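Engineer: Quick one, run.cif (mmCIF, C-alpha atoms):
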data_data
#
loop_
_atom_site.label_atom_id
_atom_site.label_comp_id
_atom_site.auth_asym_id
_atom_site.auth_seq_id
_atom_site.Cartn_x
_atom_site.Cartn_y
_atom_site.Cartn_z
CA MET L 2 -29.72 5.92 0.64
CA GLU L 3 -27.56 2.80 1.15
CA THR L 4 -23.97 3.22 2.34
CA ASN L 5 -22.57 1.82 -0.91
CA GLN L 6 -24.49 4.38 -2.99
CA TYR L 7 -22.97 7.30 -1.05
CA LEU L 8 -19.52 5.90 -1.89
CA ILE L 9 -20.32 5.26 -5.54
CA ASP L 10 -21.65 8.79 -5.99
CA PHE L 11 -18.59 10.26 -4.24
CA TYR L 12 -15.92 8.29 -6.13
CA ASN L 13 -17.65 8.87 -9.46
CA THR L 14 -16.92 12.60 -9.08
CA ILE L 15 -13.35 12.80 -7.73
CA ASP L 16 -9.93 12.19 -9.27
CA GLU L 17 -8.39 9.82 -6.72
CA ASP L 18 -5.09 9.52 -8.63
CA SER L 19 -4.48 13.28 -8.64
CA ARG L 20 -5.08 13.47 -4.88
CA LEU L 21 -1.93 11.43 -4.29
CA GLU L 22 0.19 13.23 -6.90
CA VAL L 23 0.36 16.84 -5.62
CA LYS L 24 3.22 17.36 -3.17
CA HIS L 25 1.13 17.45 0.01
CA GLY L 26 -0.92 14.46 -1.16
CA SER L 27 2.15 12.47 -2.16
CA VAL L 28 3.35 12.40 1.46
CA GLU L 29 0.66 9.82 2.30
CA PHE L 30 1.56 7.71 -0.75
CA LEU L 31 5.34 7.92 -0.22
CA THR L 32 5.02 7.08 3.48
CA THR L 33 2.79 4.08 2.83
CA MET L 34 5.11 2.80 0.10
CA ARG L 35 8.12 3.27 2.40
CA TYR L 36 6.57 0.91 4.95
CA ILE L 37 5.39 -1.59 2.33
CA GLU L 38 8.92 -1.74 0.93
CA LYS L 39 10.24 -2.33 4.45
CA TYR L 40 8.42 -5.68 4.59
CA ILE L 41 7.90 -6.87 1.03
CA ARG L 42 10.16 -9.64 -0.27
CA PRO L 43 10.87 -10.99 -3.76
CA GLY L 44 8.15 -13.40 -4.84
CA ASP L 45 5.56 -12.04 -2.39
CA ARG L 46 1.94 -12.04 -3.47
CA MET L 47 -0.30 -9.14 -2.49
CA LEU L 48 -3.97 -8.34 -2.11
CA GLU L 49 -5.24 -4.77 -2.06
CA ILE L 50 -8.75 -4.48 -0.63
CA GLY L 51 -10.52 -1.30 -1.68
CA ALA L 52 -7.94 -0.57 -4.37
CA ALA L 53 -9.74 2.48 -5.83
CA THR L 54 -8.11 3.30 -9.17
CA GLY L 55 -5.05 1.21 -8.38
CA ARG L 56 -2.30 3.64 -7.50
CA TYR L 57 -0.70 1.22 -5.02
CA SER L 58 -1.59 -1.96 -6.92
CA HIS L 59 -0.12 -0.73 -10.18
CA THR L 60 3.00 0.64 -8.50
CA LEU L 61 3.65 -2.73 -6.87
CA ALA L 62 2.82 -4.71 -10.01
CA ARG L 63 5.28 -2.56 -11.99
CA MET L 64 7.90 -3.44 -9.40
CA GLY L 65 7.39 -7.08 -10.42
CA TYR L 66 5.03 -8.31 -7.71
CA GLU L 67 1.88 -10.36 -8.28
CA VAL L 68 -1.11 -8.33 -7.14
CA ASP L 69 -4.80 -9.10 -6.76
CA ALA L 70 -7.14 -6.20 -6.14
CA VAL L 71 -10.72 -5.84 -4.90
CA GLU L 72 -12.76 -2.69 -5.49
CA LEU L 73 -16.41 -1.83 -4.92
CA VAL L 74 -16.96 1.09 -7.33
CA GLU L 75 -17.29 0.26 -11.05
CA HIS L 76 -15.95 3.68 -12.11
CA ASN L 77 -12.75 3.03 -10.16
CA ILE L 78 -12.44 -0.43 -11.71
CA ASP L 79 -12.76 1.07 -15.20
CA VAL L 80 -9.90 3.50 -14.46
CA PHE L 81 -7.90 0.68 -12.84
CA ARG L 82 -8.17 -1.46 -16.00
CA LYS L 83 -7.31 1.45 -18.31
CA ASN L 84 -4.13 2.03 -16.28
CA THR L 85 -3.03 -1.62 -16.44
CA LEU L 86 0.08 -2.28 -18.53
CA PRO L 87 0.41 -5.49 -20.56
CA ASP L 88 3.24 -6.93 -18.47
CA GLU L 89 1.61 -6.39 -15.07
CA LYS L 90 0.73 -9.54 -13.11
CA ILE L 91 -2.44 -8.06 -11.72
CA THR L 92 -6.15 -8.80 -11.38
CA VAL L 93 -9.04 -6.66 -10.23
CA THR L 94 -12.36 -8.00 -8.96
CA GLN L 95 -15.49 -6.12 -7.95
CA GLY L 96 -16.20 -6.92 -4.33
CA ASN L 97 -16.77 -5.75 -0.79
CA ALA L 98 -14.23 -5.68 2.05
CA LEU L 99 -16.81 -7.29 4.33
CA ASP L 100 -16.98 -10.47 2.23
CA LEU L 101 -13.81 -11.88 0.69
CA SER L 102 -15.23 -15.38 0.38
CA ALA L 103 -13.92 -15.55 -3.20
CA PHE L 104 -10.40 -15.60 -1.73
CA PRO L 105 -8.99 -18.57 0.23
CA ASP L 106 -7.42 -18.53 3.67
CA ASN L 107 -3.69 -17.87 4.06
CA ARG L 108 -2.94 -16.87 0.46
CA TYR L 109 -1.20 -13.46 0.65
CA ASP L 110 2.14 -12.32 2.04
CA ILE L 111 1.05 -8.66 2.14
CA THR L 112 -2.54 -7.43 2.47
CA LEU L 113 -3.46 -3.77 2.04
CA LEU L 114 -6.67 -2.40 3.57
CA LEU L 115 -6.06 1.23 2.67
CA GLY L 116 -9.57 2.58 2.13
CA PRO L 117 -12.49 0.45 3.33
CA LEU L 118 -12.14 1.40 7.00
CA TYR L 119 -12.72 5.03 5.99
CA HIS L 120 -16.31 4.10 5.16
CA LEU L 121 -17.39 1.64 7.85
CA TYR L 122 -19.36 3.13 10.72
CA ASN L 123 -19.65 0.51 13.44
CA ASP L 124 -17.21 -1.78 15.20
CA GLU L 125 -18.90 -4.93 13.92
CA ASP L 126 -18.32 -3.98 10.27
CA LYS L 127 -14.80 -2.73 10.93
CA ARG L 128 -13.86 -5.97 12.68
CA GLN L 129 -15.47 -7.97 9.88
CA ALA L 130 -13.27 -6.18 7.31
CA LEU L 131 -10.16 -6.54 9.48
CA GLY L 132 -10.96 -10.19 10.14
CA GLU L 133 -11.33 -10.91 6.43
CA ALA L 134 -8.02 -9.18 5.68
CA ILE L 135 -6.33 -11.25 8.38
CA ARG L 136 -7.96 -14.49 7.19
CA VAL L 137 -6.65 -14.25 3.64
CA THR L 138 -3.13 -13.36 4.82
CA LYS L 139 -0.53 -16.06 5.38
CA GLN L 140 0.66 -16.80 8.90
CA GLY L 141 3.51 -14.36 9.41
CA GLY L 142 2.19 -12.07 6.68
CA ILE L 143 1.77 -8.31 7.09
CA ILE L 144 -1.48 -6.32 7.03
CA PHE L 145 -1.62 -2.56 6.46
CA ALA L 146 -4.85 -0.90 7.66
CA ALA L 147 -5.51 2.81 7.03
CA TYR L 148 -7.84 5.16 8.90
CA VAL L 149 -9.03 8.78 8.72
CA ILE L 150 -8.06 10.52 11.96
CA SER L 151 -10.49 12.74 13.81
CA ASP L 152 -8.26 15.45 15.28
CA GLY L 153 -6.12 16.03 12.21
CA SER L 154 -9.24 16.29 10.06
CA LEU L 155 -10.95 18.60 12.56
CA ILE L 156 -7.94 20.94 12.74
CA ASP L 157 -7.45 21.00 8.96
CA GLU L 158 -10.94 20.77 7.44
CA GLY L 159 -12.76 22.51 10.28
CA PHE L 160 -10.58 25.18 11.85
CA ASN L 161 -8.03 25.71 9.05
CA LEU L 162 -10.02 25.46 5.80
CA GLY L 163 -13.50 26.03 7.18
CA ASN L 164 -14.94 23.28 4.99
CA PHE L 165 -17.41 22.64 7.78
CA SER L 166 -18.59 24.56 10.82
CA VAL L 167 -17.20 23.06 14.02
CA ALA L 168 -20.00 24.75 15.99
CA GLU L 169 -22.64 23.24 13.68
CA TYR L 170 -21.08 19.79 13.98
CA ILE L 171 -21.33 20.08 17.77
CA LYS L 172 -24.93 21.28 17.49
CA ASP L 173 -25.78 18.36 15.18
CA GLY L 174 -24.23 15.83 17.55
CA LEU L 175 -21.33 14.93 15.28
CA LEU L 176 -18.71 16.25 17.73
CA ASP L 177 -18.74 15.81 21.49
CA PRO L 178 -18.70 19.33 23.02
CA VAL L 179 -16.27 18.27 25.76
CA THR L 180 -13.90 15.72 24.20
CA PHE L 181 -14.40 16.69 20.52
CA ALA L 182 -14.59 13.00 19.63
CA ALA L 183 -16.37 12.56 16.29
CA THR L 184 -19.42 10.57 15.28
CA SER L 185 -20.01 9.76 11.62
CA GLU L 186 -22.79 8.36 9.47
CA PRO L 187 -22.73 7.02 5.87
CA LYS L 188 -23.94 10.37 4.50
CA ASP L 189 -20.81 11.97 6.04
CA LEU L 190 -18.71 9.63 3.82
CA PHE L 191 -15.73 9.35 6.16
CA GLU L 192 -15.54 7.68 9.57
CA LEU L 193 -13.28 9.72 11.87
CA VAL L 194 -11.43 7.86 14.63
CA ARG L 195 -8.68 8.30 17.19
CA LYS L 196 -5.82 5.95 17.99
CA GLU L 197 -7.61 4.65 21.08
CA ASP L 198 -10.52 3.60 18.85
CA ILE L 199 -8.12 1.67 16.62
CA ASP L 200 -6.46 0.02 19.61
CA ASP L 201 -9.87 -1.04 20.90
CA LEU L 202 -10.83 -2.49 17.51
CA MET L 203 -7.62 -4.48 17.30
CA SER L 204 -7.75 -5.79 20.87
CA VAL L 205 -9.76 -8.86 19.80
CA PHE L 206 -7.28 -10.05 17.17
CA PRO L 207 -4.24 -12.27 17.94
CA VAL L 208 -1.76 -10.22 15.90
CA THR L 209 1.61 -8.59 16.54
CA HIS L 210 1.65 -4.83 16.11
CA LEU L 211 4.64 -3.45 14.24
CA HIS L 212 3.98 0.26 13.57
CA TYR L 213 1.40 2.98 14.05
CA VAL L 214 2.16 5.73 11.53
CA ALA L 215 0.85 9.28 11.07
CA THR L 216 0.81 8.80 7.31
CA ASP L 217 0.61 12.40 6.14
CA GLY L 218 1.42 14.16 9.41
CA CYS L 219 1.02 17.91 9.06
CA ALA L 220 1.33 17.87 5.25
CA ARG L 221 -2.35 18.59 4.61
CA LEU L 222 -2.46 21.26 7.31
CA LEU L 223 0.52 22.93 5.60
CA ARG L 224 -0.65 22.08 2.07
CA SER L 225 -0.08 25.51 0.50
CA LYS L 226 3.43 25.74 1.95
CA VAL L 227 4.30 22.14 1.05
CA ASP L 228 3.06 22.50 -2.53
CA GLN L 229 5.23 25.61 -2.98
CA MET L 230 8.42 23.94 -1.73
CA ASP L 231 11.27 23.45 -4.17
CA ASN L 232 12.47 19.87 -4.52
CA ASP L 233 15.33 20.21 -2.03
CA THR L 234 13.07 21.69 0.65
CA PHE L 235 10.41 19.06 0.00
CA ASP L 236 13.02 16.31 0.33
CA LEU L 237 14.05 17.80 3.68
CA PHE L 238 10.40 17.98 4.75
CA LEU L 239 10.00 14.30 3.86
CA LYS L 240 13.08 13.40 5.93
CA TYR L 241 11.56 15.25 8.88
CA HIS L 242 8.22 13.51 8.36
CA PHE L 243 9.77 10.04 8.09
CA ALA L 244 11.81 10.69 11.25
CA THR L 245 8.76 11.74 13.28
CA CYS L 246 5.74 9.93 11.82
CA GLU L 247 5.77 7.25 14.57
CA ARG L 248 6.15 9.67 17.48
CA ALA L 249 3.35 9.13 19.97
CA ASP L 250 3.14 12.84 20.77
CA LEU L 251 2.32 13.62 17.12
CA ALA L 252 -0.01 10.69 16.44
CA GLY L 253 -3.19 12.78 16.30
CA ILE L 254 -1.82 15.52 14.06
CA THR L 255 -2.48 13.71 10.80
CA SER L 256 -5.41 13.25 8.47
CA HIS L 257 -4.61 9.59 7.80
CA SER L 258 -2.91 6.89 9.82
CA LEU L 259 -1.56 3.43 9.09
CA ASP L 260 -1.76 0.53 11.53
CA ILE L 261 0.69 -2.20 10.54
CA PHE L 262 0.61 -5.65 12.10
CA ARG L 263 1.75 -9.24 11.55
CA LYS L 264 -0.59 -12.23 11.49
#
If you took the structure in this file and wrote it as structure tokens, what would it be?
Structural biologist:
Amino acid sequence: METNQYLIDFYNTIDEDSRLEVKHGSVEFLTTMRYIEKYIRPGDRMLEIGAATGRYSHTLARMGYEVDAVELVEHNIDVFRKNTLPDEKITVTQGNALDLSAFPDNRYDITLLLGPLYHLYNDEDKRQALGEAIRVTKQGGIIFAAYVISDGSLIDEGFNLGNFSVAEYIKDGLLDPVTFAATSEPKDLFELVRKEDIDDLMSVFPVTHLHYVATDGCARLLRSKVDQMDNDTFDLFLKYHFATCERADLAGITSHSLDIFRK
């Protein structure tokens, strides 16, 4: 089966919007938006590559920004269009993060690459997607690139929830028995990386790094506790998370990370 078909089948069966709405899921969304708002300026134009159903694109368009979006999966595009309000300055195009030839160089002030790197399984493809995102961004513009992190996912999905057998993953060659570094294939749906992998990927690009963020931190690991928090406790949890999400000693204890850099 081709890589794209695995993705299409997966995203046809999940509710991506709801994932970011429950309390523990909203931590990723709120953290990402916090950093976008740190850099966005009035009049900025944005591109979201791999926009899914448009949670970020629509939020930004409803804040008054002009947003173009690219998405691979037709089902997601259908939901994206249904969620579009009449006054939004927004477009959505079916396309692939590896080929943004429909978009000119140096057009966007902010470029979001918040999903495609989850589903690319070799350095060549990852660098192609990163290079395309950088190409379409203006000089001095900001790129946000998201990843799924190996250790946070292993601790949560493997040891905590038992959604997969860690021992079987080692037996099948998906986890190194000594370092516990992960290896993924398209049928596994998600590429799991560590910060050193991201640093190695980015070493070939002439960009200025601004932030490396543990986007959801321990929120997924503590999902049942977080979802039961009253609003005051959840607000306090968010303050803790925002205060610590760039700490190097906590960088691996997250399911998702955000690498933010300037062209």
Engineer: Within 12 Å of Ile156 in chain L, counting all atoms listed in the file, which residues show up once you throw out same-chain ones fewer than 3 positions away? Write them as a list in words, please.
Structural biologist: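 Returned residues: Ile150, Ser151, Asp152, Gly153, Gly159, Phe160, Asn161, Leu162, Gly163, Asn164, Phe165, Ser166, Val167, Phe181, Cys219, Arg221, Leu222, Leu223, Gly253, Ile254, Thr255 and Ser256 of chain L.
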Engineer: CA of Tyr40 in chain L and CA of Glu197 in chain L are how many Å apart?
Structural biologist: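 One can read the CA of Tyr40 in chain L to CA of Glu197 in chain L distance as 25.2 Å.
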Engineer: Excluding Asp217 in chain L and its own-chain neighbours fewer than 4 positions away, which residues fall within 9 Å of it when counting all atoms listed in the file? Please give them as a list in words.
Structural biologist: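 The filter keeps His25, Gly26, Ser27, Val28, Glu29, Phe30, Thr32, Arg221, His242, Cys246, Ile254, Thr255, Ser256, His257 and Ser258 of chain L.
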Engineer: When you draw a straight line from CA of Leu115 in chain L to CA of Gly65 in chain L, how long is it in Å?
Structural biologist: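 The value is 20.5 Å.
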Engineer: May I have the residues within 10 Å of Val80 in chain L as a compact mmCIF listing (two decimals) with C-alpha atoms, keeping the file's coordinate frame, using only C-alpha atoms and disregarding those fewer than 2 positions away in the same chain?
Structural biologist:
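Saved to part_38.txt:
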# COMPACT_ATOMS: atom_id res chain seq x y z
CA ASP L 18 -5.09 9.52 -8.63
CA ALA L 53 -9.74 2.48 -5.83
CA THR L 54 -8.11 3.30 -9.17
CA GLY L 55 -5.05 1.21 -8.38
CA GLU L 75 -17.29 0.26 -11.05
CA HIS L 76 -15.95 3.68 -12.11
CA ASN L 77 -12.75 3.03 -10.16
CA ILE L 78 -12.44 -0.43 -11.71
CA ARG L 82 -8.17 -1.46 -16.00
CA LYS L 83 -7.31 1.45 -18.31
CA ASN L 84 -4.13 2.03 -16.28
CA THR L 85 -3.03 -1.62 -16.44
Engineer: Excluding His59 in chain L and its own-chain neighbours fewer than 6 positions away, which residues fall within 9 Å of it when counting all atoms listed in the file? Please give them as number ranges by chain.
Structural biologist: L: 68, 81, 84-86, 89, 91
